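The structure file structure08.csv is reproduced below (CSV, N, CA, C and O atoms).
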chain,number,residue,atom,x,y,z
H,9,MET,N,8.6,-10.4,-7.6
H,9,MET,CA,7.4,-9.9,-6.9
H,9,MET,C,7.9,-9.0,-5.7
H,9,MET,O,8.8,-9.4,-5.1
H,10,LEU,N,7.2,-7.9,-5.5
H,10,LEU,CA,7.5,-7.1,-4.4
H,10,LEU,C,6.3,-7.1,-3.4
H,10,LEU,O,5.2,-7.4,-3.8
H,11,PHE,N,6.6,-6.7,-2.2
H,11,PHE,CA,5.5,-6.7,-1.2
H,11,PHE,C,5.5,-5.3,-0.5
H,11,PHE,O,6.6,-4.8,-0.2
H,12,ALA,N,4.4,-4.7,-0.4
H,12,ALA,CA,4.3,-3.4,0.3
H,12,ALA,C,3.3,-3.5,1.5
H,12,ALA,O,2.4,-4.3,1.5
H,13,GLY,N,3.7,-2.8,2.5
H,13,GLY,CA,2.9,-2.7,3.7
H,13,GLY,C,2.4,-1.2,3.8
H,13,GLY,O,3.3,-0.3,3.7
H,14,CYS,N,1.2,-1.0,4.1
H,14,CYS,CA,0.6,0.3,4.2
H,14,CYS,C,0.1,0.5,5.6
H,14,CYS,O,-0.8,-0.3,6.0
H,15,ASP,N,0.5,1.5,6.3
H,15,ASP,CA,0.0,1.8,7.7
H,15,ASP,C,-0.7,3.2,7.4
H,15,ASP,O,-0.1,4.1,7.1
H,16,TRP,N,-2.0,3.1,7.7
H,16,TRP,CA,-2.8,4.3,7.4
H,16,TRP,C,-3.2,5.1,8.6
H,16,TRP,O,-3.4,4.6,9.7
H,17,SER,N,-3.4,6.4,8.4
H,17,SER,CA,-4.0,7.3,9.4
H,17,SER,C,-5.0,8.1,8.7
H,17,SER,O,-5.4,7.9,7.6
H,18,ASP,N,-5.6,9.1,9.4
H,18,ASP,CA,-6.6,9.9,8.8
H,18,ASP,C,-6.1,10.8,7.7
H,18,ASP,O,-6.9,11.1,6.8
H,19,GLN,N,-4.9,11.1,7.6
H,19,GLN,CA,-4.4,12.1,6.6
H,19,GLN,C,-3.4,11.5,5.7
H,19,GLN,O,-3.1,12.1,4.6
H,20,TRP,N,-2.7,10.4,6.0
H,20,TRP,CA,-1.7,9.9,5.1
H,20,TRP,C,-1.5,8.4,5.3
H,20,TRP,O,-2.0,7.8,6.2
H,21,LEU,N,-0.7,7.8,4.4
H,21,LEU,CA,-0.3,6.4,4.4
H,21,LEU,C,1.2,6.4,4.6
H,21,LEU,O,1.9,7.1,3.8
H,22,ASP,N,1.7,5.5,5.4
H,22,ASP,CA,3.1,5.3,5.5
H,22,ASP,C,3.3,3.9,4.7
H,22,ASP,O,2.6,2.9,5.1
H,23,VAL,N,4.2,3.9,3.7
H,23,VAL,CA,4.4,2.7,2.9
H,23,VAL,C,5.8,2.3,2.9
H,23,VAL,O,6.7,3.1,2.8
H,24,ALA,N,6.0,1.0,3.0
H,24,ALA,CA,7.3,0.3,2.9
H,24,ALA,C,7.2,-0.8,1.9
H,24,ALA,O,6.2,-1.5,1.9
H,25,VAL,N,8.2,-0.9,1.0
H,25,VAL,CA,8.2,-2.0,0.0
H,25,VAL,C,9.5,-2.9,0.3
H,25,VAL,O,10.6,-2.3,0.5
H,26,VAL,N,9.3,-4.2,0.2
H,26,VAL,CA,10.4,-5.1,0.4
H,26,VAL,C,10.3,-6.2,-0.7
H,26,VAL,O,9.3,-6.4,-1.4
H,27,ASP,N,11.5,-6.8,-0.9
H,27,ASP,CA,11.5,-7.9,-1.9
H,27,ASP,C,11.3,-9.2,-1.2
H,27,ASP,O,11.1,-9.2,0.0
H,28,ARG,N,11.5,-10.3,-2.0
H,28,ARG,CA,11.2,-11.6,-1.4
H,28,ARG,C,12.2,-12.0,-0.2
H,28,ARG,O,11.8,-12.7,0.6
H,29,SER,N,13.3,-11.4,-0.3
H,29,SER,CA,14.3,-11.7,0.8
H,29,SER,C,14.1,-10.8,2.1
H,29,SER,O,14.7,-11.0,3.1
H,30,GLY,N,13.2,-9.8,1.9
H,30,GLY,CA,12.9,-9.0,3.1
H,30,GLY,C,13.7,-7.7,3.1
H,30,GLY,O,13.5,-6.9,4.0
H,31,ALA,N,14.5,-7.5,2.0
H,31,ALA,CA,15.3,-6.2,1.9
H,31,ALA,C,14.3,-5.1,1.6
H,31,ALA,O,13.5,-5.1,0.7
H,32,VAL,N,14.5,-4.0,2.4
H,32,VAL,CA,13.6,-2.8,2.2
H,32,VAL,C,14.1,-2.1,1.0
H,32,VAL,O,15.3,-1.7,0.9
H,33,LEU,N,13.2,-1.9,0.0
H,33,LEU,CA,13.6,-1.2,-1.2
H,33,LEU,C,13.2,0.3,-1.2
H,33,LEU,O,13.7,1.0,-2.0
H,34,GLY,N,12.3,0.6,-0.4
H,34,GLY,CA,11.8,2.0,-0.3
H,34,GLY,C,10.8,2.2,0.7
H,34,GLY,O,10.1,1.3,1.1
H,35,GLU,N,10.7,3.5,1.2
H,35,GLU,CA,9.7,3.9,2.2
H,35,GLU,C,9.2,5.3,1.8
H,35,GLU,O,10.0,6.1,1.3
H,36,THR,N,8.0,5.6,2.0
H,36,THR,CA,7.5,6.9,1.8
H,36,THR,C,6.2,7.2,2.6
H,36,THR,O,5.6,6.3,3.1
H,37,ARG,N,5.8,8.4,2.6
H,37,ARG,CA,4.5,8.8,3.2
H,37,ARG,C,3.7,9.5,2.1
H,37,ARG,O,4.2,10.3,1.3
H,38,ILE,N,2.5,9.0,1.9
H,38,ILE,CA,1.6,9.5,0.9
H,38,ILE,C,0.4,10.2,1.5
H,38,ILE,O,-0.3,9.6,2.3
H,39,VAL,N,0.2,11.4,1.2
H,39,VAL,CA,-0.9,12.2,1.7
H,39,VAL,C,-2.2,12.0,0.9
H,39,VAL,O,-2.1,12.0,-0.3
H,40,TYR,N,-3.3,11.7,1.6
H,40,TYR,CA,-4.5,11.4,0.9
H,40,TYR,C,-5.0,12.5,-0.1
H,40,TYR,O,-5.5,12.2,-1.2
H,41,ALA,N,-4.8,13.7,0.3
H,41,ALA,CA,-5.3,14.8,-0.5
H,41,ALA,C,-4.6,15.0,-1.8
H,41,ALA,O,-5.0,15.7,-2.7
H,42,ASP,N,-3.5,14.2,-2.0
H,42,ASP,CA,-2.7,14.3,-3.2
H,42,ASP,C,-2.8,13.1,-4.1
H,42,ASP,O,-1.8,12.7,-4.6
H,43,ASN,N,-4.0,12.7,-4.4
H,43,ASN,CA,-4.2,11.5,-5.3
H,43,ASN,C,-3.4,10.3,-4.9
H,43,ASN,O,-2.4,10.0,-5.6
H,44,PRO,N,-3.7,9.7,-3.8
H,44,PRO,CA,-2.8,8.6,-3.3
H,44,PRO,C,-2.5,7.4,-4.2
H,44,PRO,O,-1.4,6.9,-4.2
H,45,VAL,N,-3.5,7.0,-5.0
H,45,VAL,CA,-3.2,5.9,-5.9
H,45,VAL,C,-2.2,6.3,-6.9
H,45,VAL,O,-1.2,5.5,-7.2
H,46,ALA,N,-2.3,7.5,-7.5
H,46,ALA,CA,-1.3,7.9,-8.5
H,46,ALA,C,0.1,8.1,-7.8
H,46,ALA,O,1.1,7.7,-8.4
H,47,ARG,N,0.1,8.6,-6.6
H,47,ARG,CA,1.4,8.8,-5.8
H,47,ARG,C,2.0,7.4,-5.5
H,47,ARG,O,3.2,7.2,-5.6
H,48,TYR,N,1.2,6.4,-5.2
H,48,TYR,CA,1.6,5.1,-5.0
H,48,TYR,C,2.3,4.5,-6.2
H,48,TYR,O,3.4,3.9,-6.1
H,49,ARG,N,1.6,4.6,-7.3
H,49,ARG,CA,2.2,4.1,-8.6
H,49,ARG,C,3.5,4.8,-8.9
H,49,ARG,O,4.5,4.2,-9.3
H,50,GLU,N,3.6,6.1,-8.7
H,50,GLU,CA,4.9,6.9,-8.9
H,50,GLU,C,6.0,6.4,-8.0
H,50,GLU,O,7.1,6.3,-8.4
H,51,PHE,N,5.6,6.1,-6.8
H,51,PHE,CA,6.6,5.6,-5.8
H,51,PHE,C,7.2,4.2,-6.3
H,51,PHE,O,8.4,4.0,-6.2
H,52,LEU,N,6.3,3.4,-6.8
H,52,LEU,CA,6.7,2.0,-7.2
H,52,LEU,C,7.5,2.0,-8.5
H,52,LEU,O,8.3,1.2,-8.8
H,53,ALA,N,7.2,3.0,-9.4
H,53,ALA,CA,7.8,3.0,-10.8
H,53,ALA,C,9.3,2.9,-10.8
H,53,ALA,O,9.9,2.1,-11.6
H,54,PRO,N,10.1,3.7,-10.0
H,54,PRO,CA,11.5,3.6,-10.0
H,54,PRO,C,12.1,2.2,-9.6
H,54,PRO,O,13.2,1.9,-9.8
H,55,LEU,N,11.3,1.4,-8.9
H,55,LEU,CA,11.7,0.1,-8.5
H,55,LEU,C,11.8,-0.9,-9.7
H,55,LEU,O,12.2,-2.1,-9.5
H,56,GLY,N,11.4,-0.4,-10.9
H,56,GLY,CA,11.6,-1.2,-12.1
H,56,GLY,C,10.6,-2.3,-12.2
H,56,GLY,O,10.8,-3.3,-13.0
H,57,ARG,N,9.5,-2.2,-11.6
H,57,ARG,CA,8.4,-3.3,-11.7
H,57,ARG,C,7.1,-2.6,-12.1
H,57,ARG,O,6.9,-1.4,-11.8
H,58,ARG,N,6.3,-3.4,-12.7
H,58,ARG,CA,4.9,-2.9,-12.9
H,58,ARG,C,4.3,-2.8,-11.6
H,58,ARG,O,4.4,-3.7,-10.7
H,59,TRP,N,3.6,-1.7,-11.3
H,59,TRP,CA,3.0,-1.5,-10.0
H,59,TRP,C,2.0,-2.5,-9.6
H,59,TRP,O,1.9,-2.9,-8.4
H,60,ARG,N,1.4,-3.1,-10.6
H,60,ARG,CA,0.4,-4.2,-10.3
H,60,ARG,C,1.0,-5.5,-9.8
H,60,ARG,O,0.4,-6.4,-9.3
H,61,ALA,N,2.3,-5.6,-10.0
H,61,ALA,CA,3.0,-6.8,-9.6
H,61,ALA,C,3.4,-6.8,-8.1
H,61,ALA,O,4.0,-7.7,-7.6
H,62,THR,N,3.0,-5.7,-7.4
H,62,THR,CA,3.3,-5.6,-6.0
H,62,THR,C,2.1,-6.0,-5.2
H,62,THR,O,1.0,-5.5,-5.5
H,63,VAL,N,2.3,-6.9,-4.3
H,63,VAL,CA,1.2,-7.3,-3.4
H,63,VAL,C,1.2,-6.4,-2.2
H,63,VAL,O,2.2,-6.2,-1.6
H,64,THR,N,0.1,-5.8,-1.9
H,64,THR,CA,0.0,-4.8,-0.8
H,64,THR,C,-0.8,-5.3,0.3
H,64,THR,O,-1.9,-5.8,0.2
H,65,GLY,N,-0.2,-5.2,1.5
H,65,GLY,CA,-0.9,-5.5,2.7
H,65,GLY,C,-1.3,-4.2,3.4
H,65,GLY,O,-0.5,-3.3,3.5
H,66,ILE,N,-2.6,-4.1,3.8
H,66,ILE,CA,-3.1,-2.9,4.4
H,66,ILE,C,-4.0,-3.4,5.6
H,66,ILE,O,-4.8,-4.3,5.4
H,67,GLU,N,-4.0,-2.7,6.7
H,67,GLU,CA,-4.7,-3.1,7.8
H,67,GLU,C,-6.2,-3.1,7.7
H,67,GLU,O,-6.9,-3.7,8.5
H,68,ASP,N,-6.7,-2.3,6.8
H,68,ASP,CA,-8.2,-2.2,6.7
H,68,ASP,C,-8.5,-2.1,5.2
H,68,ASP,O,-8.3,-1.0,4.6
H,69,VAL,N,-8.9,-3.2,4.6
H,69,VAL,CA,-9.2,-3.2,3.1
H,69,VAL,C,-10.5,-2.4,2.8
H,69,VAL,O,-10.8,-2.3,1.6
H,70,ARG,N,-11.2,-1.8,3.8
H,70,ARG,CA,-12.4,-1.1,3.5
H,70,ARG,C,-12.1,0.4,3.3
H,70,ARG,O,-13.0,1.1,2.8
H,71,ILE,N,-10.9,0.9,3.5
H,71,ILE,CA,-10.7,2.3,3.3
H,71,ILE,C,-10.6,2.6,1.8
H,71,ILE,O,-10.4,1.7,1.0
H,72,LEU,N,-10.9,3.8,1.5
H,72,LEU,CA,-11.0,4.2,0.1
H,72,LEU,C,-9.7,3.9,-0.7
H,72,LEU,O,-9.8,3.4,-1.8
H,73,PHE,N,-8.6,4.2,-0.1
H,73,PHE,CA,-7.3,3.9,-0.8
H,73,PHE,C,-7.3,2.4,-1.2
H,73,PHE,O,-7.0,2.1,-2.4
H,74,ALA,N,-7.5,1.5,-0.3
H,74,ALA,CA,-7.5,0.1,-0.6
H,74,ALA,C,-8.5,-0.3,-1.6
H,74,ALA,O,-8.2,-1.1,-2.5
H,75,ARG,N,-9.7,0.2,-1.5
H,75,ARG,CA,-10.8,-0.1,-2.4
H,75,ARG,C,-10.4,0.4,-3.8
H,75,ARG,O,-10.7,-0.3,-4.8
H,76,SER,N,-9.8,1.6,-3.9
H,76,SER,CA,-9.4,2.1,-5.2
H,76,SER,C,-8.3,1.3,-5.8
H,76,SER,O,-8.3,1.1,-7.0
H,77,LEU,N,-7.3,0.8,-5.0
H,77,LEU,CA,-6.3,-0.1,-5.5
H,77,LEU,C,-6.9,-1.3,-6.1
H,77,LEU,O,-6.6,-1.8,-7.2
H,78,ALA,N,-7.8,-2.0,-5.3
H,78,ALA,CA,-8.4,-3.2,-5.8
H,78,ALA,C,-9.2,-3.0,-7.0
H,78,ALA,O,-9.2,-3.8,-7.9
H,79,ALA,N,-9.9,-1.9,-7.1
H,79,ALA,CA,-10.8,-1.6,-8.3
H,79,ALA,C,-9.9,-1.4,-9.6
H,79,ALA,O,-10.4,-1.7,-10.7
H,80,SER,N,-8.7,-1.0,-9.4
H,80,SER,CA,-7.8,-0.8,-10.5
H,80,SER,C,-7.0,-2.1,-10.9
H,80,SER,O,-6.1,-2.0,-11.7
H,81,GLY,N,-7.3,-3.2,-10.2
H,81,GLY,CA,-6.6,-4.4,-10.5
H,81,GLY,C,-5.4,-4.7,-9.6
H,81,GLY,O,-4.7,-5.7,-9.9
H,82,HIS,N,-5.1,-3.9,-8.6
H,82,HIS,CA,-3.9,-4.2,-7.8
H,82,HIS,C,-4.2,-5.3,-6.8
H,82,HIS,O,-5.3,-5.4,-6.2
H,83,ALA,N,-3.2,-6.1,-6.5
H,83,ALA,CA,-3.4,-7.2,-5.6
H,83,ALA,C,-3.3,-6.8,-4.1
H,83,ALA,O,-2.2,-6.2,-3.8
H,84,LEU,N,-4.3,-7.1,-3.3
H,84,LEU,CA,-4.2,-6.8,-1.9
H,84,LEU,C,-4.1,-8.1,-1.2
H,84,LEU,O,-4.7,-9.1,-1.6
H,85,ASP,N,-3.3,-8.2,-0.1
H,85,ASP,CA,-3.1,-9.4,0.6
H,85,ASP,C,-4.2,-9.5,1.7
H,85,ASP,O,-4.3,-8.7,2.6
H,86,PRO,N,-5.1,-10.4,1.5
H,86,PRO,CA,-6.3,-10.5,2.4
H,86,PRO,C,-5.9,-10.9,3.8
H,86,PRO,O,-6.7,-10.7,4.7
H,87,ARG,N,-4.7,-11.4,4.0
H,87,ARG,CA,-4.3,-11.9,5.4
H,87,ARG,C,-3.9,-10.7,6.2
H,87,ARG,O,-3.8,-10.8,7.4
H,88,ALA,N,-3.6,-9.5,5.6
H,88,ALA,CA,-3.0,-8.4,6.4
H,88,ALA,C,-4.0,-7.9,7.5
H,88,ALA,O,-3.6,-7.6,8.5
H,89,GLU,N,-5.3,-8.0,7.2
H,89,GLU,CA,-6.3,-7.5,8.2
H,89,GLU,C,-6.3,-8.4,9.4
H,89,GLU,O,-6.5,-8.0,10.5
H,90,ALA,N,-6.0,-9.7,9.2
H,90,ALA,CA,-6.0,-10.6,10.3
H,90,ALA,C,-4.9,-10.3,11.4
H,90,ALA,O,-5.0,-10.7,12.5
H,91,PHE,N,-3.8,-9.6,10.9
H,91,PHE,CA,-2.7,-9.3,11.8
H,91,PHE,C,-2.8,-8.0,12.5
H,91,PHE,O,-2.0,-7.6,13.3
H,92,THR,N,-3.9,-7.3,12.2
H,92,THR,CA,-4.1,-5.9,12.8
H,92,THR,C,-4.5,-6.0,14.2
H,92,THR,O,-5.4,-6.7,14.6
H,93,VAL,N,-3.9,-5.1,15.0
H,93,VAL,CA,-4.3,-5.0,16.4
H,93,VAL,C,-5.5,-4.0,16.5
H,93,VAL,O,-5.3,-2.9,16.1
H,94,ARG,N,-6.6,-4.5,17.0
H,94,ARG,CA,-7.8,-3.6,17.1
H,94,ARG,C,-7.7,-2.9,18.5
H,94,ARG,O,-7.5,-3.5,19.5
H,95,ARG,N,-8.0,-1.6,18.5
H,95,ARG,CA,-7.9,-0.9,19.7
H,95,ARG,C,-9.3,-0.4,20.1
H,95,ARG,O,-10.2,-0.2,19.4
Before we go any further, please render this structure as C-alpha cells.
Amino acid sequence: MLFAGCDWSDQWLDVAVVDRSGAVLGETRIVYADNPVARYREFLAPLGRRWRATVTGIEDVRILFARSLAASGHALDPRAEAFTVRR
C-alpha cells in the first residue's frame, strides 16, 4: 500500500507519495486546469500499483479534487483533515 499527501492551493496540488517505511517514492505538482484526477492516476501508474490502492490524505476533503477521487472509488484518509492548521 502507498500513501499520498496532497497540499492544495487555488491553482494546483503538490503531491508526495511514500511507502509503508516512509520512503518518498515521488513528488509532483498537478495543475487543476489540466484534469487533475487523470494526472494523479498517471503520476501513480509508474509506481507499479493500482492507483486505487493508494490512500490519500488531503487537508480539505470538500474540495472538488478530493470529492472526485472519492466518487471514483479512491480511498481518502479521513484523519488528514484533523491535522490541518486552520488560519
Check chain H with DSSP on the backbone and list each residue it calls strand (DSSP E), as a ChimeraX atom specification. /H:10-16,20-26,32-39,62-66
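The coordinates place atom O of Pro54 of chain H at 26.7 Å from atom C of Asp68 of chain H.
Using only C-alpha atoms for every distance, the candidate list H:Ala61, H:Phe51, H:Leu77, H:Met9 yields H:Met9 as the residue closest to Ser29 of chain H.
Across the model, the gap from atom O of Arg37 of chain H to atom CA of Val23 of chain H is 7.8 Å.
Closest to Asp18 of chain H among H:Leu33, H:Ile71, H:Leu52, H:Ile66 is H:Ile71, based on only C-alpha atoms.
By chain and then residue number, the residues within 8 Å of Val45 of chain H are Val39, Tyr40, Asp42, Tyr48, Arg49, Glu50, Phe51, Leu52, Leu72, Phe73, Ser76 and Leu77 of chain H, counting all atoms listed in the file and disregarding those fewer than 3 positions away in sequence.
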Now that the selection is made, can you save its residues with N, CA, C and O atoms as a compact mmCIF listing (two decimals), in the frame of the given file?
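Everything below was put into result-v4.txt:
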# COMPACT_ATOMS: atom_id res chain seq x y z
N VAL H 39 0.20 11.40 1.20
CA VAL H 39 -0.90 12.20 1.70
C VAL H 39 -2.20 12.00 0.90
O VAL H 39 -2.10 12.00 -0.30
N TYR H 40 -3.30 11.70 1.60
CA TYR H 40 -4.50 11.40 0.90
C TYR H 40 -5.00 12.50 -0.10
O TYR H 40 -5.50 12.20 -1.20
N ASP H 42 -3.50 14.20 -2.00
CA ASP H 42 -2.70 14.30 -3.20
C ASP H 42 -2.80 13.10 -4.10
O ASP H 42 -1.80 12.70 -4.60
N TYR H 48 1.20 6.40 -5.20
CA TYR H 48 1.60 5.10 -5.00
C TYR H 48 2.30 4.50 -6.20
O TYR H 48 3.40 3.90 -6.10
N ARG H 49 1.60 4.60 -7.30
CA ARG H 49 2.20 4.10 -8.60
C ARG H 49 3.50 4.80 -8.90
O ARG H 49 4.50 4.20 -9.30
N GLU H 50 3.60 6.10 -8.70
CA GLU H 50 4.90 6.90 -8.90
C GLU H 50 6.00 6.40 -8.00
O GLU H 50 7.10 6.30 -8.40
N PHE H 51 5.60 6.10 -6.80
CA PHE H 51 6.60 5.60 -5.80
C PHE H 51 7.20 4.20 -6.30
O PHE H 51 8.40 4.00 -6.20
N LEU H 52 6.30 3.40 -6.80
CA LEU H 52 6.70 2.00 -7.20
C LEU H 52 7.50 2.00 -8.50
O LEU H 52 8.30 1.20 -8.80
N LEU H 72 -10.90 3.80 1.50
CA LEU H 72 -11.00 4.20 0.10
C LEU H 72 -9.70 3.90 -0.70
O LEU H 72 -9.80 3.40 -1.80
N PHE H 73 -8.60 4.20 -0.10
CA PHE H 73 -7.30 3.90 -0.80
C PHE H 73 -7.30 2.40 -1.20
O PHE H 73 -7.00 2.10 -2.40
N SER H 76 -9.80 1.60 -3.90
CA SER H 76 -9.40 2.10 -5.20
C SER H 76 -8.30 1.30 -5.80
O SER H 76 -8.30 1.10 -7.00
N LEU H 77 -7.30 0.80 -5.00
CA LEU H 77 -6.30 -0.10 -5.50
C LEU H 77 -6.90 -1.30 -6.10
O LEU H 77 -6.60 -1.80 -7.20
Rounded to one decimal place, report the atom N of Asp85 of chain H-atom C of Val63 of chain H distance in Å. 5.3 Å
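The nearest approach to Val26 of chain H among the residues H:Ala79, H:Ala53, H:Leu10, H:Ala41, with all atoms listed in the file taken into account, belongs to H:Leu10.
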